[in-house]
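Visitor: Just one file: run.txt, with compact mmCIF, C-alpha atoms and all ligand atoms.
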# COMPACT_ATOMS: atom_id res chain seq x y z
CA MET A 252 35.20 18.95 -26.40
CA LYS A 253 34.76 16.11 -23.96
CA THR A 254 32.26 18.16 -21.95
CA ALA A 255 30.23 19.00 -25.04
CA MET A 256 30.21 15.36 -26.04
CA ASN A 257 29.00 14.30 -22.58
CA LEU A 258 26.24 16.88 -22.69
CA LEU A 259 25.05 15.62 -26.08
CA VAL A 260 25.04 12.05 -24.82
CA THR A 261 23.23 13.10 -21.65
CA CYS A 262 20.51 14.97 -23.54
CA ALA A 263 19.94 12.09 -25.96
CA LEU A 264 19.64 9.68 -23.06
CA ALA A 265 17.32 12.00 -21.22
CA ALA A 266 14.98 11.85 -24.17
CA MET A 267 14.94 8.05 -24.02
CA SER A 268 14.98 7.90 -20.21
CA ILE A 269 17.55 5.12 -20.32
CA VAL A 270 21.13 5.34 -19.17
CA PRO A 271 23.60 2.51 -19.69
CA ALA A 272 25.43 1.61 -16.49
CA THR A 273 28.76 2.52 -18.08
CA SER A 274 27.87 6.17 -18.87
CA VAL A 275 30.05 8.87 -17.36
CA PRO A 276 28.10 10.45 -14.49
CA SER A 277 27.21 14.11 -14.74
CA LEU A 278 28.83 16.33 -12.10
CA GLN A 279 25.70 18.43 -11.84
CA PRO A 280 24.54 18.59 -8.19
CA SER A 281 21.00 17.29 -7.83
CA PHE A 282 19.15 14.62 -5.88
CA ASP A 283 20.10 12.19 -3.18
CA LEU A 284 18.28 9.01 -4.24
CA ARG A 285 17.27 6.37 -1.68
CA VAL A 286 15.12 3.29 -1.49
CA LEU A 287 14.56 2.84 2.25
CA ASP A 288 12.74 -0.48 2.07
CA GLU A 289 13.76 -3.22 -0.36
CA PRO A 290 11.20 -3.53 -3.17
CA HIS A 291 8.83 -6.44 -2.55
CA ALA A 292 6.93 -8.53 -5.08
CA ALA A 293 3.22 -9.18 -4.53
CA ALA A 294 1.04 -11.77 -6.26
CA THR A 295 -1.80 -9.71 -7.72
CA ASP A 296 -4.63 -10.35 -10.16
CA ALA A 297 -2.37 -8.78 -12.80
CA GLY A 298 0.51 -11.18 -12.08
CA THR A 299 3.56 -10.39 -9.97
CA GLN A 300 3.95 -6.69 -9.25
CA VAL A 301 6.90 -5.19 -7.38
CA PHE A 302 6.10 -2.31 -5.03
CA GLU A 303 8.67 0.28 -4.03
CA GLU A 304 9.16 3.90 -3.06
CA LEU A 305 12.00 6.06 -4.38
CA HIS A 306 12.99 8.94 -2.09
CA LEU A 307 14.50 12.01 -3.79
CA THR A 308 15.98 14.82 -1.70
CA ASN A 309 16.93 18.01 -3.53
CA PHE A 310 20.43 18.88 -2.28
CA THR A 311 20.79 21.99 -4.44
CA ASP A 312 19.91 25.58 -3.60
CA SER A 313 17.23 25.85 -6.28
CA PRO A 314 14.10 23.89 -7.22
CA LEU A 315 14.45 20.90 -9.54
CA TRP A 316 11.75 19.76 -11.93
CA LEU A 317 11.29 16.02 -12.40
CA ILE A 318 10.84 14.97 -16.02
CA ASP A 319 11.02 11.18 -15.90
CA VAL A 320 11.64 8.52 -13.24
CA ALA A 321 12.61 5.05 -14.41
CA VAL A 322 13.37 1.74 -12.69
CA VAL A 323 15.96 -0.33 -14.56
CA ASP A 324 17.46 -3.78 -14.12
CA ALA A 325 20.77 -3.09 -12.38
CA ARG A 326 22.45 -5.75 -14.49
CA GLY A 327 21.03 -5.49 -18.00
CA GLY A 328 19.71 -1.93 -17.93
CA GLN A 329 16.24 -2.88 -19.21
CA VAL A 330 13.62 -0.31 -18.25
CA LEU A 331 11.09 -2.03 -15.97
CA ALA A 332 8.84 1.01 -15.58
CA HIS A 333 9.09 4.71 -16.20
CA PHE A 334 6.79 7.59 -15.47
CA ASP A 335 6.54 11.12 -16.82
CA GLY A 336 3.91 13.83 -17.12
CA GLU A 337 0.70 13.20 -15.23
CA ALA A 338 1.63 9.55 -14.62
CA LEU A 339 4.60 10.86 -12.63
CA THR A 340 2.83 13.64 -10.72
CA ARG A 341 0.10 11.22 -9.60
CA ARG A 342 2.80 9.00 -8.08
CA LEU A 343 4.68 11.87 -6.49
CA ALA A 344 4.31 13.10 -2.94
CA ARG A 345 6.34 15.75 -1.18
CA ILE A 346 6.93 14.97 2.47
CA GLY A 347 5.08 17.41 4.68
CA THR A 348 3.05 19.11 1.95
CA PRO A 349 -0.50 18.45 0.73
CA ALA A 350 -0.86 15.78 -1.92
CA THR A 351 -2.61 18.02 -4.42
CA SER A 352 0.25 20.12 -5.78
CA GLY A 353 -0.10 18.57 -9.23
CA ASP A 354 3.32 19.45 -10.58
CA ALA A 355 6.70 17.75 -10.45
CA THR A 356 8.83 20.43 -8.82
CA VAL A 357 10.94 19.45 -5.83
CA PRO A 358 11.92 22.57 -3.86
CA SER A 359 15.46 23.08 -2.59
CA GLY A 360 16.08 21.01 0.52
CA SER A 361 12.85 19.06 0.37
CA ARG A 362 12.16 15.38 -0.07
CA ALA A 363 9.81 13.79 -2.57
CA VAL A 364 8.73 10.18 -2.80
CA VAL A 365 7.72 8.41 -5.99
CA TYR A 366 5.40 5.42 -5.42
CA ILE A 367 6.20 2.80 -8.02
CA GLU A 368 4.96 -0.60 -9.13
CA TRP A 369 6.47 -2.64 -11.94
CA PRO A 370 5.62 -6.09 -13.34
CA ALA A 371 7.97 -9.02 -12.73
CA ASN A 372 6.54 -11.97 -14.61
CA ALA A 373 8.83 -13.27 -17.37
CA HIS A 374 11.78 -11.18 -16.16
CA ARG A 375 12.75 -11.04 -12.48
CA PRO A 376 15.74 -8.76 -11.89
CA ARG A 377 17.66 -9.48 -8.71
CA ALA A 378 18.52 -5.81 -8.25
CA VAL A 379 17.31 -2.52 -9.68
CA GLU A 380 18.56 1.03 -10.06
CA HIS A 381 16.71 4.28 -10.65
CA VAL A 382 17.24 6.78 -13.43
CA VAL A 383 15.91 10.26 -12.81
CA THR A 384 15.71 12.85 -15.58
CA TYR A 385 15.27 16.35 -14.23
CA ALA A 386 15.79 20.02 -15.03
CA PRO A 387 16.31 23.23 -13.13
CA PRO A 388 13.11 25.23 -13.66
CA HIS A 389 14.22 28.05 -15.95
CA GLY A 390 15.11 26.48 -19.26
CA ALA A 391 18.42 24.91 -18.29
CA PRO A 392 19.10 21.62 -20.09
CA ALA A 393 17.80 18.38 -18.64
CA ASP A 394 20.21 16.11 -16.87
CA VAL A 395 20.12 12.55 -15.58
CA VAL A 396 21.09 11.04 -12.25
CA ARG A 397 21.23 7.32 -11.58
CA GLY A 398 21.27 5.66 -8.18
CA ALA A 399 19.45 3.95 -5.31
CA ARG A 400 20.59 0.48 -6.32
CA THR A 401 18.72 -2.12 -4.29
CA ALA A 402 18.07 -5.86 -4.21
CA VAL A 403 14.50 -7.00 -4.89
CA SER A 404 12.66 -9.41 -2.61
CA TYR A 405 10.51 -12.12 -4.16
CA ALA A 406 9.96 -13.86 -0.83
CA ALA A 407 6.34 -14.96 -0.52
CA GLY A 408 4.99 -15.83 2.88
CA ALA A 409 2.61 -18.73 3.33
CA PRO A 410 -0.86 -17.97 1.90
CA LEU A 411 -3.30 -16.87 4.60
CA GLY A 412 -6.80 -17.95 5.48
CA PRO A 413 -9.75 -15.55 5.25
CA PRO A 414 -9.86 -12.78 7.91
CA LEU A 415 -13.69 -12.87 7.85
CA ARG A 416 -16.58 -15.16 6.93
CA GLY A 417 -19.17 -14.93 4.18
CA GLY A 418 -19.69 -11.69 2.30
CA PRO A 419 -19.81 -9.83 0.07
CA TRP A 420 -16.80 -7.93 1.41
CA VAL A 421 -15.15 -5.08 -0.43
CA ALA A 422 -11.33 -5.03 -0.28
CA VAL A 423 -10.95 -1.28 -0.08
CA HIS A 424 -7.45 -0.23 -1.11
CA ALA A 425 -5.65 1.29 -4.09
CA ALA A 426 -1.95 1.97 -4.56
CA SER A 427 -2.69 5.23 -6.37
CA TRP A 428 -4.74 6.98 -3.70
CA ALA A 429 -3.02 10.16 -2.65
CA ARG A 430 -4.30 9.63 0.92
CA GLY A 431 -4.34 5.83 0.97
CA HIS A 432 -2.52 3.55 3.42
CA ARG A 433 0.43 3.22 1.10
CA ARG A 434 1.15 6.95 1.29
CA VAL A 435 1.35 7.02 5.08
CA PHE A 436 4.87 7.13 6.48
CA ASN A 437 5.47 7.00 10.22
CA ALA A 438 8.84 8.08 11.59
CA VAL A 439 8.35 7.10 15.22
CA ASP A 440 11.71 5.61 16.18
CA GLY A 441 14.20 7.37 13.96
CA GLN A 442 13.18 5.63 10.76
CA ALA A 443 10.39 6.36 8.26
CA ARG A 444 8.33 3.30 7.41
CA ILE A 445 5.03 2.39 5.73
CA PRO A 446 3.25 -0.24 7.84
CA GLY A 447 0.08 -0.14 5.73
CA ARG A 448 1.81 -0.59 2.35
CA PHE A 449 -0.42 -3.60 1.56
CA ALA A 450 -3.26 -2.90 4.00
CA ILE A 451 -6.85 -3.68 3.10
CA ASP A 452 -9.94 -2.12 4.71
CA TRP A 453 -12.71 -4.74 4.58
CA ILE A 454 -16.25 -3.34 4.32
CA ARG A 455 -19.35 -5.53 4.13
CA VAL A 456 -21.96 -4.74 1.48
CA ASP A 457 -25.25 -6.23 0.31
CA ASP A 458 -26.16 -7.10 -3.28
CA ALA A 459 -27.30 -3.52 -3.92
CA GLY A 460 -23.98 -2.16 -2.69
CA HIS A 461 -25.35 -0.75 0.57
CA THR A 462 -23.02 -0.77 3.56
CA ALA A 463 -25.69 -0.22 6.24
CA ARG A 464 -29.30 -1.05 7.15
CA GLN A 465 -31.29 2.11 7.68
CA HIS A 466 -29.25 5.10 8.76
CA PRO A 467 -25.49 4.68 8.27
CA ASP A 468 -24.68 7.21 10.98
CA ILE A 469 -25.30 4.50 13.62
CA PRO A 470 -22.24 2.22 13.65
CA SER A 471 -24.25 -0.91 14.57
CA ASN A 472 -26.41 -0.42 11.46
CA TRP A 473 -23.44 -1.24 9.27
CA LEU A 474 -23.69 -4.69 7.72
CA GLY A 475 -20.20 -5.69 8.80
CA TYR A 476 -20.55 -4.46 12.37
CA GLY A 477 -20.03 -7.26 14.89
CA ALA A 478 -18.79 -9.77 12.29
CA ASP A 479 -16.33 -12.32 13.62
CA VAL A 480 -12.72 -11.53 12.80
CA LEU A 481 -10.64 -14.67 12.21
CA ALA A 482 -7.04 -15.76 12.69
CA VAL A 483 -5.55 -16.01 9.19
CA ALA A 484 -3.02 -18.64 10.27
CA ASP A 485 -1.85 -20.64 13.24
CA ALA A 486 -0.14 -17.91 15.23
CA THR A 487 0.72 -16.39 18.59
CA VAL A 488 -1.10 -13.35 19.95
CA VAL A 489 1.50 -10.65 20.65
CA THR A 490 -0.56 -7.49 21.29
CA VAL A 491 -4.10 -6.79 22.43
CA ARG A 492 -5.63 -3.38 23.00
CA ASP A 493 -9.17 -3.33 24.30
CA ASP A 494 -9.61 -0.06 26.21
CA MET A 495 -11.10 2.19 23.55
CA THR A 496 -14.76 3.14 23.34
CA GLU A 497 -16.78 3.77 20.20
CA SER A 498 -18.39 6.97 19.01
CA PRO A 499 -22.19 6.45 19.09
CA ARG A 500 -22.38 8.23 15.71
CA VAL A 501 -20.15 7.81 12.70
CA SER A 502 -20.33 11.56 12.05
CA THR A 503 -19.14 12.50 15.53
CA ASN A 504 -16.09 10.22 15.67
CA PRO A 505 -13.38 12.53 17.05
CA ARG A 506 -9.91 12.90 15.60
CA HIS A 507 -7.42 10.40 17.00
CA ALA A 508 -3.69 10.76 17.55
CA LEU A 509 -1.40 8.20 15.92
CA ALA A 510 -1.17 6.26 19.19
CA ASP A 511 -4.94 5.72 19.18
CA ASP A 512 -5.89 5.67 15.51
CA ALA A 513 -6.12 1.88 15.24
CA GLY A 514 -8.70 1.74 18.03
CA ASN A 515 -8.86 -1.66 19.69
CA PHE A 516 -6.57 -4.07 17.90
CA VAL A 517 -4.99 -7.51 17.93
CA THR A 518 -1.57 -8.43 16.57
CA ILE A 519 -0.58 -12.04 15.87
CA ARG A 520 2.86 -13.43 14.98
CA LEU A 521 2.78 -15.83 12.05
CA ALA A 522 5.06 -18.88 11.77
CA ASP A 523 7.13 -17.23 9.02
CA GLY A 524 8.02 -14.25 11.24
CA ARG A 525 5.51 -11.79 9.77
CA TYR A 526 2.89 -10.05 11.90
CA ALA A 527 -0.79 -9.59 11.09
CA PHE A 528 -2.76 -6.61 12.45
CA TYR A 529 -6.53 -6.37 12.98
CA GLU A 530 -7.74 -2.85 13.82
CA HIS A 531 -10.88 -0.87 14.82
CA LEU A 532 -12.27 -3.85 16.77
CA ARG A 533 -15.52 -3.64 18.71
CA PRO A 534 -15.18 -2.78 22.41
CA GLY A 535 -15.40 -5.81 24.67
CA SER A 536 -15.21 -8.27 21.79
CA ILE A 537 -11.60 -9.38 21.91
CA ALA A 538 -11.57 -13.08 22.74
CA VAL A 539 -7.81 -13.69 23.00
CA HIS A 540 -4.95 -12.72 25.31
CA VAL A 541 -1.30 -11.95 24.77
CA GLY A 542 0.62 -15.24 24.56
CA ASP A 543 -2.34 -17.31 23.36
CA ARG A 544 -1.73 -19.77 20.54
CA VAL A 545 -4.51 -19.39 18.01
CA HIS A 546 -5.42 -21.62 15.09
CA ARG A 547 -6.36 -20.59 11.59
CA GLY A 548 -10.06 -19.73 11.50
CA GLU A 549 -10.32 -19.11 15.25
CA VAL A 550 -12.38 -16.06 16.26
CA LEU A 551 -10.16 -13.25 17.59
CA ALA A 552 -12.71 -10.47 18.02
CA GLN A 553 -15.53 -8.64 16.25
CA LEU A 554 -15.46 -5.93 13.63
CA GLY A 555 -16.14 -2.51 15.13
CA PHE A 556 -15.73 1.23 14.93
CA THR A 557 -12.95 2.22 17.36
CA GLY A 558 -10.15 4.63 16.47
CA ALA A 559 -9.80 6.76 13.34
CA SER A 560 -12.36 5.45 10.89
CA THR A 561 -15.06 6.79 8.61
CA GLY A 562 -17.28 3.76 9.16
CA PRO A 563 -17.16 0.29 10.71
CA HIS A 564 -14.64 -1.90 8.89
CA LEU A 565 -11.78 -4.29 9.52
CA HIS A 566 -8.36 -2.84 8.84
CA PHE A 567 -5.99 -5.72 8.10
CA HIS A 568 -2.31 -5.59 7.24
CA VAL A 569 0.81 -7.69 7.45
CA SER A 570 4.21 -6.30 8.36
CA ASP A 571 7.76 -7.30 9.24
CA GLY A 572 7.69 -6.38 12.93
CA PRO A 573 5.46 -6.29 15.99
CA SER A 574 5.10 -2.49 16.05
CA ARG A 575 1.82 -1.28 14.59
CA VAL A 576 3.34 1.99 13.37
CA GLY A 577 7.08 1.21 13.29
CA ALA A 578 7.25 -1.74 10.89
CA GLU A 579 7.34 -2.14 7.13
CA GLY A 580 4.20 -3.39 5.40
CA ARG A 581 4.69 -6.73 3.65
CA PRO A 582 2.70 -8.35 0.86
CA PHE A 583 0.42 -11.23 1.67
CA THR A 584 -1.88 -13.53 -0.25
CA LEU A 585 -5.12 -15.26 0.63
CA ALA A 586 -5.08 -18.99 -0.12
CA SER A 587 -8.50 -18.82 -1.79
CA PHE A 588 -11.52 -16.60 -2.17
CA GLU A 589 -14.41 -16.09 -4.54
CA LEU A 590 -14.26 -12.98 -6.70
CA LEU A 591 -17.69 -11.42 -7.29
CA GLY A 592 -16.64 -8.19 -8.99
CA ARG A 593 -15.16 -4.83 -8.13
CA TYR A 594 -15.86 -1.17 -7.59
CA ASP A 595 -14.30 0.72 -10.48
CA ASP A 596 -15.34 3.93 -8.72
CA ILE A 597 -15.11 3.49 -4.95
CA SER A 598 -17.27 6.58 -4.36
CA ALA A 599 -20.22 4.37 -5.44
CA LEU A 600 -19.69 2.14 -2.39
CA GLY A 601 -22.77 2.35 -0.17
CA LYS A 602 -24.90 3.71 -3.03
CA ALA A 603 -24.70 1.40 -6.02
CA PRO A 604 -23.84 -2.21 -6.86
CA TRP A 605 -20.32 -3.16 -7.87
CA ALA A 606 -19.32 -4.01 -11.43
CA GLU A 607 -19.58 -7.71 -12.26
CA ARG A 608 -16.52 -9.81 -12.94
CA VAL A 609 -15.43 -9.30 -16.52
CA GLU A 610 -15.97 -12.07 -19.07
CA GLY A 611 -13.40 -14.83 -18.70
CA GLU A 612 -12.16 -13.68 -15.29
CA SER A 613 -12.08 -16.66 -12.96
CA GLU A 614 -14.33 -16.67 -9.93
CA GLN A 615 -12.13 -18.82 -7.71
CA ARG A 616 -8.93 -17.03 -6.85
CA HIS A 617 -5.92 -18.70 -5.26
CA ASP A 618 -2.78 -17.41 -3.54
CA GLU A 619 -3.53 -13.83 -4.49
CA TRP A 620 -3.58 -10.43 -2.80
CA PRO A 621 -7.16 -9.25 -3.43
CA ALA A 622 -7.28 -6.66 -6.20
CA GLU A 623 -8.02 -2.99 -5.60
CA ASN A 624 -11.64 -2.59 -4.49
CA ALA A 625 -12.44 -6.21 -5.35
CA VAL A 626 -15.72 -7.59 -4.03
CA VAL A 627 -15.15 -11.04 -2.60
CA GLN A 628 -16.97 -13.84 -0.84
CA PHE A 629 -15.41 -16.02 1.88
CA PRO A 630 -16.71 -19.38 3.13
CA GLU A 631 -19.53 -19.06 5.68
ZN ZN B 701 -7.23 0.89 7.27
Mind converting the file's structure to structure tokens?
Guide:
Amino acid sequence: MKTAMNLLVTCALAAMSIVPATSVPSLQPSFDLRVLDEPHAAATDAGTQVFEELHLTNFTDSPLWLIDVAVVDARGGQVLAHFDGEALTRRLARIGTPATSGDATVPSGSRAVVYIEWPANAHRPRAVEHVVTYAPPHGAPADVVRGARTAVSYAAGAPLGPPLRGGPWVAVHAASWARGHRRVFNAVDGQARIPGRFAIDWIRVDDAGHTARQHPDIPSNWLGYGADVLAVADATVVTVRDDMTESPRVSTNPRHALADDAGNFVTIRLADGRYAFYEHLRPGSIAVHVGDRVHRGEVLAQLGFTGASTGPHLHFHVSDGPSRVGAEGRPFTLASFELLGRYDDISALGKAPWAERVEGESEQRHDEWPAENAVVQFPE
């Protein structure tokens, strides 16, 4: 009687993808749920968005099919975001398998990660939990598991200065890309982390959207090549690598191991304890040494084409530690920049102009993480 009642309750809740904190947990074996890195809020063009990754490991001896994944306020139970169907499969990656599987099955013994963002404007929960509705694959009834309670960080570091001058520069990044920076875990010292969670690849364009003069296979033809790369804050230089050469052709750039994929790079320690990373720098251009104190706006190096890259650009990210691959990516904002527009379809970059700012969208942006594929102008 009690079991039947619980099952009814469970099925009804599965349909709504909400579970009150007081519900009796199912004893069905299923997922181990983990959030490895505390969710962090970022100031975006769409207001405050919290970024997190939910890890689900299937501890049963059969596959489990994900139906719905929800983030709820750990206190009030409000659903902050939930994903099902295609919205879920697009956010789902299975560790060690290609990103293109397109379904929501998690095989026995394997780990999946759901990449999640949720808005935190009027309501800012201090902690969240995760509610996962799932089914065994062959018609068995859906069940719900709740877990991975975690605090949420709203800590905002000091706004940063521009990493480059002039423009237009395209802020190439998107949380949804199956092969983007945010999807790249490194487990180099016994812990899996995402250093590039908020990374931006900066690519210079002209008004027609071209990225290069003449033939783009020559790195130095790229419009951004050789541009000065600037300290985003008063800081201390903690790492410099300047021993990598450049491929003379973009098309012949060899594959690089993780240890070399950043090419030549500079790391600086900011006053608030975060670290900023500048990668793929031009050989021989690095103008600073480890231990140097640098001031905001000071030239660190020049944009180049070293390491793993499909064209000259500046890779920039901020993280919580000095290790380029063994630290967690942290949100950052730029104190001000001019928004020109954006690429709605990034495959048009290099071939066609960007889309103009939409009516009513303000040109001067302040204390904001540049939006996905935004086209921006910095002071000369
Ligand atoms: Zn990058």
Visitor: Choose the residue, out of A:Gln442, A:Thr311, A:Thr557, A:Asn624, that has the smallest atom-to-atom separation from Trp428 of chain A; count all atoms listed in the file.
Guide: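 Among the listed residues, A:Asn624 lies closest to Trp428 of chain A.
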Visitor: Which chains and residue numbers are within 9 Å of ligand ZN 701 (chain B), counting only C-alpha atoms and all ligand atoms, if I want them as a PyMOL selection string?
Guide: chain A and resi 423-424+431-432+447+450-453+513+530-531+559-560+564-568
Visitor: Take atom CA of Met495 of chain A and atom CA of Ile537 of chain A and report the distance between them in Å, one decimal.
Guide: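 Interatomic distance here is 11.7 Å.
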Visitor: What are the closest atom pairs, with distances in Å to one decimal, for all residues of segment 365-411 of chain A lying within 6 Å of segment 325-349 of chain A? Consider all atoms listed in the file, order rows by chain and residue number, and present the result as CSV.
Guide:
residue,atom,partner,partner_atom,distance
A:Val365,CA,A:Leu343,CA,4.6
A:Tyr366,CA,A:Arg342,CA,5.2
A:Trp369,CA,A:Ala332,CA,5.7
A:Ala378,CA,A:Ala325,CA,5.4
A:Val379,CA,A:Ala325,CA,4.4
A:Glu380,CA,A:Ala325,CA,5.2
Visitor: Excluding segment 545-553 of chain A and its own-chain neighbours fewer than 6 positions away, which residues fall within 6 Å of it when counting all atoms listed in the file? Please give them as a list in words.
Guide: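 So, after excluding close chain neighbours, the residues are Gly477, Ala478, Asp479, Val480, Leu481, Ala482, Val483, Ala484, Asp485, Ala486, Leu532, Arg533, Ser536, Ile537, Ala538 and Val539 of chain A.
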Visitor: Using only C-alpha atoms, what table do you get, as CSV, when you list each residue of segment 308-415 of chain A with an atom no more than 8 Å from segment 575-585 of chain A, its nearest pair of atoms, and their distance in Å rounded to one decimal, rows by chain then rising number?
Guide:
residue,atom,partner,partner_atom,distance
A:Ala407,CA,A:Phe583,CA,7.3
A:Gly408,CA,A:Phe583,CA,6.6
A:Ala409,CA,A:Thr584,CA,7.7
A:Pro410,CA,A:Thr584,CA,5.0
A:Leu411,CA,A:Leu585,CA,4.7
A:Gly412,CA,A:Leu585,CA,5.8
A:Pro413,CA,A:Leu585,CA,6.5
Visitor: Between atom CA of Val435 of chain A and atom CA of Gly298 of chain A, what is the spacing in Å?
Guide: 25.0 Å
Visitor: Would you mind reading off the distance between atom CA of Ala508 of chain A and atom CA of Ala438 of chain A, one decimal, in Å?
Guide: 14.1 Å
Visitor: Given only C-alpha atoms as the basis, pick out the residue of A:Leu317, A:Ala371, A:Val626, A:Leu509 nearest to Asp354 of chain A.
Guide: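 Nearest candidate to Asp354 of chain A out of A:Leu317, A:Ala371, A:Val626, A:Leu509: A:Leu317.
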Visitor: Taking only C-alpha atoms into account, produce a table as JSON lines in which each residue of segment 437-485 of chain A with an atom at most 6 Å from an atom of segment 592-614 of chain A appears once, together with its shortest atom pair and the distance in Å to one decimal, ordered by chain and rising number.
Guide:
{"residue": "A:Ala459", "atom": "CA", "partner": "A:Pro604", "partner_atom": "CA", "distance": 4.7}
{"residue": "A:Gly460", "atom": "CA", "partner": "A:Pro604", "partner_atom": "CA", "distance": 4.2}
{"residue": "A:His461", "atom": "CA", "partner": "A:Gly601", "partner_atom": "CA", "distance": 4.1}
{"residue": "A:Thr462", "atom": "CA", "partner": "A:Gly601", "partner_atom": "CA", "distance": 4.9}
Visitor: Find, counting only C-alpha atoms, the residue in A:Pro314, A:Pro358, A:Pro573, A:Gly514 that gets nearest to Gly555 of chain A.
Guide: A:Gly514
